[in-house]
file target_3.pdb (PDB, C-alpha atoms, pLDDT in the B column)
ATOM      1  CA  MET M   1      96.587  97.241  95.583  1.00 50.00           C
ATOM      2  CA  ALA M   2      94.814 100.178  93.963  1.00 54.00           C
ATOM      3  CA  GLY M   3      91.771  99.684  96.166  1.00 61.00           C
ATOM      4  CA  SER M   4      93.769 100.293  99.343  1.00 60.00           C
ATOM      5  CA  SER M   5      95.815 103.293  98.093  1.00 62.00           C
ATOM      6  CA  HIS M   6      98.942 101.225  98.603  1.00 68.00           C
ATOM      7  CA  GLY M   7     102.016 103.423  98.326  1.00 69.00           C
ATOM      8  CA  HIS M   8     100.198 106.703  97.729  1.00 81.00           C
ATOM      9  CA  THR M   9     101.876 108.553 100.598  1.00 86.00           C
ATOM     10  CA  PRO M  10     104.642 111.136 100.833  1.00 88.00           C
ATOM     11  CA  ALA M  11     106.849 108.583 102.601  1.00 88.00           C
ATOM     12  CA  ALA M  12     106.477 106.023  99.817  1.00 89.00           C
ATOM     13  CA  TRP M  13     106.977 108.510  96.985  1.00 91.00           C
ATOM     14  CA  THR M  14     110.043 110.055  98.593  1.00 93.00           C
ATOM     15  CA  GLY M  15     111.682 106.719  99.415  1.00 93.00           C
ATOM     16  CA  VAL M  16     111.088 105.324  95.938  1.00 94.00           C
ATOM     17  CA  THR M  17     112.296 108.502  94.234  1.00 95.00           C
ATOM     18  CA  ILE M  18     115.549 108.518  96.215  1.00 96.00           C
ATOM     19  CA  ALA M  19     116.072 104.805  95.535  1.00 96.00           C
ATOM     20  CA  PHE M  20     115.419 105.346  91.807  1.00 97.00           C
ATOM     21  CA  ILE M  21     118.050 108.079  91.713  1.00 97.00           C
ATOM     22  CA  GLY M  22     120.436 105.668  93.443  1.00 96.00           C
ATOM     23  CA  PHE M  23     119.757 102.999  90.797  1.00 97.00           C
ATOM     24  CA  CYS M  24     120.477 105.528  88.043  1.00 97.00           C
ATOM     25  CA  VAL M  25     123.745 106.584  89.690  1.00 96.00           C
ATOM     26  CA  SER M  26     124.841 102.983  90.231  1.00 97.00           C
ATOM     27  CA  GLY M  27     123.946 102.012  86.679  1.00 96.00           C
ATOM     28  CA  ALA M  28     125.802 104.938  85.159  1.00 97.00           C
ATOM     29  CA  TYR M  29     128.955 104.320  87.171  1.00 96.00           C
ATOM     30  CA  MET M  30     128.799 100.594  86.512  1.00 96.00           C
ATOM     31  CA  VAL M  31     128.841 101.254  82.770  1.00 96.00           C
ATOM     32  CA  MET M  32     131.725 103.720  83.242  1.00 95.00           C
ATOM     33  CA  ALA M  33     133.627 101.060  85.260  1.00 95.00           C
ATOM     34  CA  GLN M  34     133.959 103.296  88.320  1.00 95.00           C
ATOM     35  CA  PRO M  35     133.482 101.126  91.442  1.00 95.00           C
ATOM     36  CA  LEU M  36     133.482 104.061  93.876  1.00 97.00           C
ATOM     37  CA  GLY M  37     130.586 105.750  92.055  1.00 96.00           C
ATOM     38  CA  PHE M  38     128.733 102.430  91.852  1.00 96.00           C
ATOM     39  CA  TRP M  39     128.941 101.963  95.626  1.00 97.00           C
ATOM     40  CA  ALA M  40     127.948 105.584  96.192  1.00 97.00           C
ATOM     41  CA  GLY M  41     124.768 104.833  94.214  1.00 96.00           C
ATOM     42  CA  MET M  42     124.146 101.757  96.348  1.00 97.00           C
ATOM     43  CA  VAL M  43     124.409 103.934  99.474  1.00 97.00           C
ATOM     44  CA  ILE M  44     121.824 106.296  97.948  1.00 97.00           C
ATOM     45  CA  ILE M  45     119.487 103.313  97.402  1.00 97.00           C
ATOM     46  CA  VAL M  46     119.751 102.296 101.062  1.00 97.00           C
ATOM     47  CA  LEU M  47     119.289 105.935 102.064  1.00 97.00           C
ATOM     48  CA  GLY M  48     115.981 105.963 100.163  1.00 96.00           C
ATOM     49  CA  GLY M  49     114.707 103.060 102.243  1.00 94.00           C
ATOM     50  CA  VAL M  50     115.840 104.666 105.474  1.00 96.00           C
ATOM     51  CA  VAL M  51     114.208 107.994 104.574  1.00 95.00           C
ATOM     52  CA  GLY M  52     110.948 106.194 103.718  1.00 92.00           C
ATOM     53  CA  VAL M  53     110.890 104.366 107.052  1.00 92.00           C
ATOM     54  CA  ILE M  54     111.679 107.547 108.988  1.00 93.00           C
ATOM     55  CA  MET M  55     108.955 109.478 107.183  1.00 91.00           C
ATOM     56  CA  ARG M  56     106.455 106.695 107.880  1.00 89.00           C
ATOM     57  CA  ALA M  57     107.411 106.821 111.558  1.00 89.00           C
ATOM     58  CA  MET M  58     106.813 110.591 111.478  1.00 89.00           C
ATOM     59  CA  GLY M  59     103.226 109.955 110.343  1.00 85.00           C
ATOM     60  CA  MET M  60     103.629 110.626 106.630  1.00 83.00           C
ATOM     61  CA  GLY M  61     102.875 107.029 105.666  1.00 82.00           C
ATOM     62  CA  GLN M  62      99.642 105.105 105.616  1.00 80.00           C
ATOM     63  CA  PRO M  63      98.800 103.341 108.901  1.00 74.00           C
ATOM     64  CA  LYS M  64      98.419  99.569 108.608  1.00 69.00           C
ATOM     65  CA  ASP M  65      94.954  99.510 110.154  1.00 67.00           C
ATOM     66  CA  ALA M  66      93.600 101.893 107.487  1.00 60.00           C
ATOM     67  CA  HIS M  67      93.592  99.193 104.797  1.00 57.00           C
ATOM     68  CA  ALA M  68      90.281  97.596 103.840  1.00 60.00           C
ATOM     69  CA  VAL M  69      92.025  94.203 103.908  1.00 58.00           C
ATOM     70  CA  TYR M  70      92.554  94.419 107.657  1.00 54.00           C
ATOM     71  CA  GLU M  71      88.981  95.554 108.252  1.00 55.00           C
ATOM     72  CA  THR M  72      87.657  92.559 106.300  1.00 57.00           C
ATOM     73  CA  ALA M  73      89.937  90.165 108.170  1.00 56.00           C
ATOM     74  CA  ALA M  74      88.828  91.613 111.500  1.00 57.00           C
ATOM     75  CA  ALA M  75      85.166  91.171 110.527  1.00 60.00           C
ATOM     76  CA  ARG M  76      85.798  87.540 109.558  1.00 58.00           C
ATOM     77  CA  THR M  77      87.361  86.694 112.904  1.00 60.00           C
ATOM     78  CA  LYS M  78      84.337  88.112 114.746  1.00 60.00           C
ATOM     79  CA  THR M  79      81.941  85.711 113.021  1.00 56.00           C
ATOM     80  CA  ALA M  80      82.294  82.246 114.516  1.00 52.00           C
ATOM     81  CA  THR M  81      79.879  80.438 112.204  1.00 60.00           C
ATOM     82  CA  THR M  82      80.461  79.742 108.553  1.00 61.00           C
ATOM     83  CA  PRO M  83      77.589  79.405 106.093  1.00 63.00           C
ATOM     84  CA  GLU M  84      77.071  76.047 104.403  1.00 66.00           C
ATOM     85  CA  PRO M  85      77.542  75.753 100.648  1.00 66.00           C
ATOM     86  CA  ALA M  86      74.435  76.370  98.537  1.00 67.00           C
ATOM     87  CA  GLY M  87      73.860  72.722  97.590  1.00 68.00           C
ATOM     88  CA  ALA M  88      74.658  71.171 100.978  1.00 64.00           C
ATOM     89  CA  LYS M  89      72.008  69.043 102.714  1.00 66.00           C
ATOM     90  CA  GLY M  90      71.891  69.035 106.488  1.00 57.00           C
TER      91      GLY M  90
END
call {"tool": "encode", "arguments": {"input": "target_3.pdb", "output": "structure tokens"}}
result
Amino acid sequence: MAGSSHGHTPAAWTGVTIAFIGFCVSGAYMVMAQPLGFWAGMVIIVLGGVVGVIMRAMGMGQPKDAHAVYETAAARTKTATTPEPAGAKG
């Protein structure tokens, strides 16, 4: 994942940060036995995902075709022949 800069975008950082805050809120209210606060934290978690998707749609995320994985896969589909193994006799 590090080779493709996976998740190193403002959309990813913002979504994960909001979701993390939601997990902290839910965890704190769960320990305090306050169901309303727990569910408020769960709403914050979902909000983090929604914000991340919206920011990606606004162009603040990494486009899928920018990954080296997709470039390699596209190059493989263009080559119709496959090389024979090193020890193969024809």
call {"tool": "closest_residue", "arguments": {"input": "target_3.pdb", "among": "M:Gly41, M:Pro35, M:Gly59, M:Gly49", "to": "Trp13 of chain M", "atoms": "only C-alpha atoms"}}
result
M:Gly49
call {"tool": "residues_around", "arguments": {"input": "target_3.pdb", "residues": "Ala40 of chain M", "least_positions_apart": "4", "cutoff": "10 Å", "atoms": "all atoms listed in the file", "output": "MDAnalysis selection string"}}
result
chainID M and resid 22 25:26 29 35:36 44:45
call {"tool": "residues_around", "arguments": {"input": "target_3.pdb", "residues": "Val43 of chain M", "least_positions_apart": "5", "cutoff": "10 Å", "atoms": "all atoms listed in the file", "output": "PDB file with C-alpha atoms, keeping the file's coordinate frame"}}
result
ATOM      1  CA  ALA M  19     116.072 104.805  95.535  1.00 96.00           C
ATOM      2  CA  GLY M  22     120.436 105.668  93.443  1.00 96.00           C
ATOM      3  CA  PHE M  23     119.757 102.999  90.797  1.00 97.00           C
ATOM      4  CA  SER M  26     124.841 102.983  90.231  1.00 97.00           C
ATOM      5  CA  GLY M  37     130.586 105.750  92.055  1.00 96.00           C
ATOM      6  CA  PHE M  38     128.733 102.430  91.852  1.00 96.00           C
ATOM      7  CA  GLY M  48     115.981 105.963 100.163  1.00 96.00           C
TER       8      GLY M  48
END
call {"tool": "atom_distance", "arguments": {"input": "target_3.pdb", "atom1": "atom CA of Pro10 of chain M", "atom2": "atom CA of Val46 of chain M"}}
result
17.5 Å
call {"tool": "residues_near_point", "arguments": {"input": "target_3.pdb", "point": "(114.4, 109.2, 105.5)", "cutoff": "12 Å", "atoms": "only C-alpha atoms", "output": "PyMOL selection string"}}
result
chain M and resi 10-19+44-58+60-61
